[in-house]
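Chemist: My structure is stored as data04.txt, with compact mmCIF, C-alpha atoms.
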# COMPACT_ATOMS: atom_id res chain seq x y z
CA MET A 890 25.37 -2.41 11.96
CA GLY A 891 24.38 -3.02 8.34
CA LYS A 892 22.51 -0.55 6.20
CA ASP A 893 19.00 -1.51 5.17
CA VAL A 894 16.01 -0.31 3.19
CA ILE A 895 12.66 -0.30 5.02
CA ILE A 896 9.51 -0.26 2.87
CA ALA A 897 6.70 1.91 4.25
CA CYS A 898 3.61 -0.27 3.86
CA ASP A 899 1.16 2.63 4.00
CA PHE A 900 -1.89 0.65 2.98
CA SER A 901 -5.37 0.83 4.47
CA SER A 902 -6.08 -2.90 4.67
CA ALA A 903 -4.49 -6.29 5.23
CA GLU A 904 -5.62 -7.34 1.75
CA ALA A 905 -3.77 -4.49 0.02
CA THR A 906 -0.71 -5.12 2.18
CA PHE A 907 -0.50 -8.81 1.37
CA ASN A 908 -1.20 -8.18 -2.33
CA PHE A 909 1.89 -6.00 -2.22
CA LEU A 910 4.09 -8.31 -0.12
CA ASP A 911 3.15 -11.34 -2.26
CA LYS A 912 5.06 -9.74 -5.13
CA PHE A 913 8.30 -10.42 -3.25
CA THR A 914 9.05 -14.06 -3.92
CA GLU A 915 12.81 -13.92 -3.31
CA GLU A 916 13.35 -11.15 -0.73
CA LYS A 917 11.76 -10.58 2.67
CA PRO A 918 12.03 -6.81 2.94
CA PHE A 919 12.09 -4.97 6.26
CA VAL A 920 8.66 -3.28 6.41
CA LYS A 921 7.22 -0.32 8.26
CA ILE A 922 3.69 -0.54 9.61
CA GLY A 923 2.33 2.92 10.29
CA MET A 924 -0.80 4.32 11.88
CA GLU A 925 -3.12 3.82 8.91
CA LEU A 926 -2.55 0.08 8.65
CA TYR A 927 -2.21 -0.57 12.38
CA TYR A 928 -5.40 1.31 13.24
CA ALA A 929 -7.26 -0.45 10.40
CA GLU A 930 -6.16 -3.99 11.22
CA GLY A 931 -4.80 -3.98 14.78
CA PRO A 932 -2.05 -6.16 16.25
CA SER A 933 -3.03 -9.15 14.09
CA ILE A 934 -1.44 -7.55 11.00
CA VAL A 935 1.87 -7.29 12.86
CA LYS A 936 1.74 -10.94 13.87
CA GLU A 937 0.83 -12.08 10.36
CA ILE A 938 3.63 -10.12 8.66
CA LYS A 939 6.08 -11.33 11.30
CA LYS A 940 4.98 -14.91 10.66
CA ARG A 941 5.88 -14.45 7.00
CA GLY A 942 9.47 -13.73 8.03
CA HIS A 943 9.65 -9.95 7.65
CA ARG A 944 11.34 -7.64 10.11
CA ILE A 945 8.96 -4.90 11.24
CA PHE A 946 9.32 -1.26 12.17
CA LEU A 947 6.11 -0.34 14.04
CA ASP A 948 5.75 3.38 13.43
CA LEU A 949 3.14 4.68 15.89
CA LYS A 950 5.07 7.72 17.22
CA LEU A 951 3.92 7.54 20.82
CA HIS A 952 3.69 10.88 22.60
CA ASP A 953 1.93 11.06 25.97
CA ILE A 954 2.68 11.32 29.67
CA PRO A 955 5.53 9.00 30.74
CA ASN A 956 3.34 6.45 32.53
CA THR A 957 0.97 6.04 29.59
CA VAL A 958 3.86 5.63 27.15
CA LYS A 959 5.53 3.09 29.44
CA LYS A 960 2.36 0.97 29.59
CA ALA A 961 1.75 1.22 25.84
CA MET A 962 5.34 0.21 25.08
CA SER A 963 4.95 -2.75 27.41
CA VAL A 964 2.00 -3.93 25.28
CA LEU A 965 3.88 -3.32 22.02
CA SER A 966 6.92 -5.26 23.25
CA SER A 967 4.82 -8.44 23.24
CA LEU A 968 4.32 -8.10 19.47
CA ASP A 969 8.02 -8.89 18.86
CA VAL A 970 8.57 -6.07 16.39
CA ASP A 971 12.15 -5.20 15.49
CA MET A 972 11.91 -1.43 15.80
CA THR A 973 9.43 1.10 17.18
CA ASN A 974 9.35 4.81 17.89
CA LEU A 975 8.05 7.82 19.78
CA HIS A 976 8.21 11.62 19.56
CA ALA A 977 11.36 13.12 21.08
CA ALA A 978 9.24 16.19 21.91
CA GLY A 979 7.76 14.13 24.76
CA THR A 980 10.90 14.87 26.86
CA VAL A 981 13.71 12.75 28.30
CA GLU A 982 11.49 11.48 31.12
CA MET A 983 8.94 10.12 28.67
CA MET A 984 11.65 8.48 26.56
CA LYS A 985 13.21 6.82 29.62
CA ALA A 986 9.77 5.48 30.60
CA ALA A 987 9.38 4.10 27.07
CA VAL A 988 12.67 2.18 27.30
CA GLU A 989 11.53 0.74 30.62
CA GLY A 990 8.17 -0.35 29.25
CA LEU A 991 9.63 -1.82 26.08
CA THR A 992 12.31 -3.90 27.80
CA LYS A 993 11.25 -7.51 28.36
CA GLU A 994 11.98 -9.51 31.48
CA ASP A 995 15.02 -11.10 29.83
CA GLY A 996 16.47 -7.63 29.19
CA THR A 997 15.90 -7.61 25.44
CA ARG A 998 13.87 -5.06 23.53
CA PRO A 999 13.26 -3.83 19.98
CA ILE A 1000 15.31 -0.94 18.59
CA LEU A 1001 13.75 2.26 19.94
CA ILE A 1002 14.10 5.50 18.04
CA ALA A 1003 12.72 9.01 18.46
CA VAL A 1004 11.17 11.29 15.85
CA THR A 1005 12.98 14.65 15.90
CA GLN A 1006 10.97 16.77 13.46
CA LEU A 1007 8.69 15.32 10.80
CA THR A 1008 10.11 15.47 7.27
CA SER A 1009 7.05 17.50 6.23
CA THR A 1010 8.01 20.27 8.68
CA SER A 1011 10.02 23.18 7.32
CA GLU A 1012 12.02 25.56 9.50
CA ALA A 1013 9.51 28.37 8.81
CA ARG A 1014 6.57 26.21 9.96
CA MET A 1015 8.46 25.06 13.04
CA GLN A 1016 9.28 28.62 14.05
CA ASN A 1017 5.98 30.27 13.11
CA GLU A 1018 3.56 27.57 14.19
CA LEU A 1019 5.39 25.69 16.95
CA LEU A 1020 7.16 28.80 18.26
CA ILE A 1021 10.51 27.00 18.38
CA ASN A 1022 12.97 29.84 17.85
CA ALA A 1023 16.10 27.76 17.30
CA SER A 1024 17.06 26.65 13.80
CA ILE A 1025 15.65 23.33 12.63
CA ASN A 1026 19.15 21.80 12.63
CA ASP A 1027 19.88 22.87 16.22
CA THR A 1028 16.46 21.58 17.32
CA ILE A 1029 16.99 18.21 15.67
CA VAL A 1030 20.47 17.78 17.17
CA LYS A 1031 19.18 18.73 20.65
CA TYR A 1032 16.28 16.26 20.37
CA ALA A 1033 18.74 13.58 19.25
CA GLU A 1034 21.01 14.31 22.23
CA ASN A 1035 17.98 14.02 24.54
CA ALA A 1036 17.09 10.67 22.96
CA LYS A 1037 20.63 9.41 23.49
CA ALA A 1038 20.59 10.63 27.12
CA ALA A 1039 17.35 8.68 27.65
CA GLY A 1040 18.96 5.45 26.41
CA LEU A 1041 17.38 5.26 22.95
CA ASP A 1042 19.19 3.70 19.98
CA GLY A 1043 18.73 6.49 17.49
CA VAL A 1044 16.38 8.93 15.83
CA VAL A 1045 14.18 9.36 12.82
CA CYS A 1046 15.42 12.41 10.94
CA SER A 1047 15.63 13.55 7.36
CA PRO A 1048 18.74 12.32 5.52
CA LEU A 1049 19.89 15.94 5.41
CA GLU A 1050 20.40 15.86 9.20
CA ALA A 1051 21.87 12.37 9.56
CA GLY A 1052 25.46 13.60 9.40
CA MET A 1053 25.05 16.25 12.09
CA VAL A 1054 23.21 13.79 14.36
CA LYS A 1055 26.11 11.34 14.02
CA GLU A 1056 28.55 14.13 14.76
CA ALA A 1057 26.72 15.09 17.94
CA CYS A 1058 25.77 11.62 19.19
CA GLY A 1059 28.44 9.28 17.79
CA LYS A 1060 28.47 7.02 14.77
CA GLU A 1061 26.85 4.13 16.66
CA PHE A 1062 23.74 6.24 17.26
CA MET A 1063 21.29 5.19 14.53
CA THR A 1064 19.70 7.44 11.96
CA VAL A 1065 16.52 6.18 10.31
CA THR A 1066 15.66 8.47 7.45
CA PRO A 1067 12.39 8.86 5.54
CA GLY A 1068 12.03 11.49 2.83
CA VAL A 1069 13.96 9.41 0.30
CA ARG A 1070 13.12 9.71 -3.40
CA PHE A 1071 14.84 8.51 -6.55
CA ALA A 1072 16.67 11.29 -8.39
CA ASP A 1073 14.15 11.04 -11.24
CA GLY A 1074 11.07 10.78 -8.97
CA ASP A 1075 8.40 13.06 -7.52
CA VAL A 1076 8.95 14.47 -3.99
CA GLY A 1077 5.23 14.42 -3.06
CA ASP A 1078 4.42 16.22 0.22
CA GLN A 1079 7.87 15.86 1.74
CA VAL A 1080 9.95 18.99 2.21
CA ARG A 1081 13.37 17.69 3.22
CA VAL A 1082 14.25 14.91 0.80
CA THR A 1083 17.25 13.21 -0.80
CA THR A 1084 18.15 10.14 -2.89
CA PRO A 1085 19.16 6.66 -1.60
CA GLU A 1086 22.70 7.19 -2.88
CA LYS A 1087 23.05 10.55 -1.15
CA ALA A 1088 21.54 9.14 2.08
CA LYS A 1089 24.26 6.49 2.05
CA GLU A 1090 26.97 9.14 1.67
CA ILE A 1091 25.51 11.28 4.45
CA GLY A 1092 25.45 8.36 6.90
CA SER A 1093 21.87 7.11 7.19
CA ASP A 1094 21.71 3.62 8.73
CA TYR A 1095 18.21 2.82 7.47
CA ILE A 1096 16.16 4.56 4.81
CA VAL A 1097 12.37 4.37 4.83
CA VAL A 1098 10.91 4.37 1.34
CA GLY A 1099 7.19 4.40 0.59
CA ARG A 1100 5.60 5.58 -2.64
CA PRO A 1101 8.74 5.29 -4.84
CA ILE A 1102 8.44 1.53 -4.20
CA THR A 1103 4.77 0.91 -3.33
CA ALA A 1104 3.42 3.02 -6.20
CA ALA A 1105 6.01 1.86 -8.72
CA GLU A 1106 4.96 -0.04 -11.83
CA ASN A 1107 7.28 -2.84 -10.70
CA PRO A 1108 7.70 -2.59 -6.90
CA VAL A 1109 10.22 -5.44 -6.69
CA GLU A 1110 12.48 -3.78 -9.26
CA ALA A 1111 12.11 -0.42 -7.49
CA TYR A 1112 13.03 -2.06 -4.16
CA ARG A 1113 16.09 -3.70 -5.73
CA ARG A 1114 17.16 -0.41 -7.27
CA CYS A 1115 16.84 1.22 -3.87
CA VAL A 1116 18.91 -1.48 -2.17
CA LYS A 1117 21.55 -1.24 -4.89
CA GLU A 1118 21.81 2.55 -4.54
CA PHE A 1119 21.77 2.57 -0.73
CA VAL A 1120 23.40 -0.66 0.40
CA GLY A 1121 25.62 -1.17 -2.64
Go ahead and express the file in the form of structure tokens.

Modeler:
Amino acid sequence: MGKDVIIACDFSSAEATFNFLDKFTEEKPFVKIGMELYYAEGPSIVKEIKKRGHRIFLDLKLHDIPNTVKKAMSVLSSLDVDMTNLHAAGTVEMMKAAVEGLTKEDGTRPILIAVTQLTSTSEARMQNELLINASINDTIVKYAENAKAAGLDGVVCSPLEAGMVKEACGKEFMTVTPGVRFADGDVGDQVRVTTPEKAKEIGSDYIVVGRPITAAENPVEAYRRCVKEFVG
């Protein structure tokens, strides 16, 4: 399993997205399509980006009753994305239903990962607002173990937790880590962040990088710097 950098294409329109992707004349980066872009443009944006030769992580974080998630995943599986996700908080039953819905008739399916806790959530917020009394690390590891038990491939977690997830779930269990910033960059609204280099050391399999690339003066150079620091 090779390491890779995923660019978060958090744009509000197809036009802005393609203006950005057109800058990449040599590489075909792995891209993440999140709620903003998907809700603005619908499935057609996925098909168009796929047609251009990019791998896609469809980041819609499904979280509903098992049957609804199963049916939604069944629809998403026809888009031929490479990776998609849901909230681990939806329980093992919901995650198992998701795997079932996502799996095509030939037995193949995209990589399916679960969100443990959002990288904008601090331990204090989790305990005070969500009334989860365990530590954030224990919660994340438990959610990861639930995801593994449900047959998922990995989790989304902050790079700071990637090592402990691997320890609990095995090194083949994937960690996809947002909250990555360059050492000389701004952390924005993320709470639990680290650098590409550090994420590599900790054991992240994929890093998801948004503004440090998309808002850079030269996005292609920023992407290459990220790949160099993370992949080597």

Chemist: Quick one: distance from atom CA of Ala897 of chain A to atom CA of Lys936 of chain A in Å, one decimal?

Modeler: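 Atom CA of Ala897 of chain A sits 16.8 Å away from atom CA of Lys936 of chain A.
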
Chemist: Could you list, as a list in words, every residue within 8 Å of segment 961-969 of chain A, counting all atoms listed in the file and ignoring same-chain residues fewer than 6 positions away?

Modeler: Pro932, Val935, Lys936, Ala987, Val988, Gly990, Leu991, Thr992, Lys993, Arg998 and Pro999 of chain A

Chemist: Which polymer residues have any atom within 12 Å of an atom of segment 944-947 of chain A, counting all atoms listed in the file, with same-chain residues fewer than 5 positions away left out, as a PyMOL selection string?

Modeler: chain A and resi 893-899+916-928+931-932+934-939+962+965-966+968-975+999-1002+1045+1065+1095-1097

Chemist: Tell me which of A:Arg1114, A:Arg1070, A:Lys950, A:Lys985 sits closest to Val1098 of chain A, counting only C-alpha atoms.

Modeler: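 When distances to Val1098 of chain A are compared using only C-alpha atoms, the smallest one comes from A:Arg1070.
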
Chemist: Determine the nearest neighbour of Ala1088 of chain A from the options A:Ala1057, A:Cys1115, A:Ala905, A:Leu1041, counting all atoms listed in the file.

Modeler: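 Ranking A:Ala1057, A:Cys1115, A:Ala905, A:Leu1041 by distance to Ala1088 of chain A, first place goes to A:Cys1115.
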
Chemist: Quote the spacing between atom CA of Gly1059 of chain A and atom CA of Ala1033 of chain A in Å to one decimal place.

Modeler: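 That distance, rounded to one decimal, is 10.7 Å.
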
Chemist: Check the smallest atom-to-atom distance from each of A:Arg1100, A:Lys892, A:Arg941, A:Lys1031 to Glu1118 of chain A using all atoms listed in the file, then report the winner.

Modeler: A:Lys892

Chemist: Let me make sure I understand: among A:Asn956, A:Phe900, A:Lys912, A:Val1044, which one has the smallest atom-to-atom distance to Ala1111 of chain A if we use all atoms listed in the file?

Modeler: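 Among the listed residues, the smallest separation from Ala1111 of chain A belongs to A:Lys912.
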
Chemist: Near Glu1012 of chain A, counting all atoms listed in the file, which residues have an atom at most 10 Å away, once you skip same-chain residues fewer than 6 positions from it, shown as a list in words?

Modeler: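 So, after excluding close chain neighbours, the residues are Gln1006, Glu1018, Leu1019, Ile1021, Asn1022, Ala1023, Ser1024, Ile1025, Asn1026 and Thr1028 of chain A.
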
Chemist: Between A:Glu1110, A:Glu982, A:Glu930, A:Glu1061, which residue has the minimum interatomic distance to Pro955 of chain A, considering only C-alpha atoms?

Modeler: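 That would be A:Glu982, the residue with the smallest distance to Pro955 of chain A.
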
Chemist: Which residue is closest to Lys1060 of chain A? Choose from A:Ala1003, A:Asp1073, A:Lys940, A:Ile1091 and count all atoms listed in the file.

Modeler: A:Ile1091

Chemist: Please measure the separation of atom CA of Gly891 of chain A and atom CA of Glu1106 of chain A, giving the value in Å to one decimal.

Modeler: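 These atoms are spaced 28.2 Å apart.
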
Chemist: Box for segment 929-937 of chain A - axis-aligned, 8 Å on each of the six sides, all listed atoms - centre and size in Å to one decimal, as AutoDock Vina command-line options.

Modeler:
--center_x -2.7 --center_y -6.3 --center_z 13.3 --size_x 25.1 --size_y 27.6 --size_z 21.9
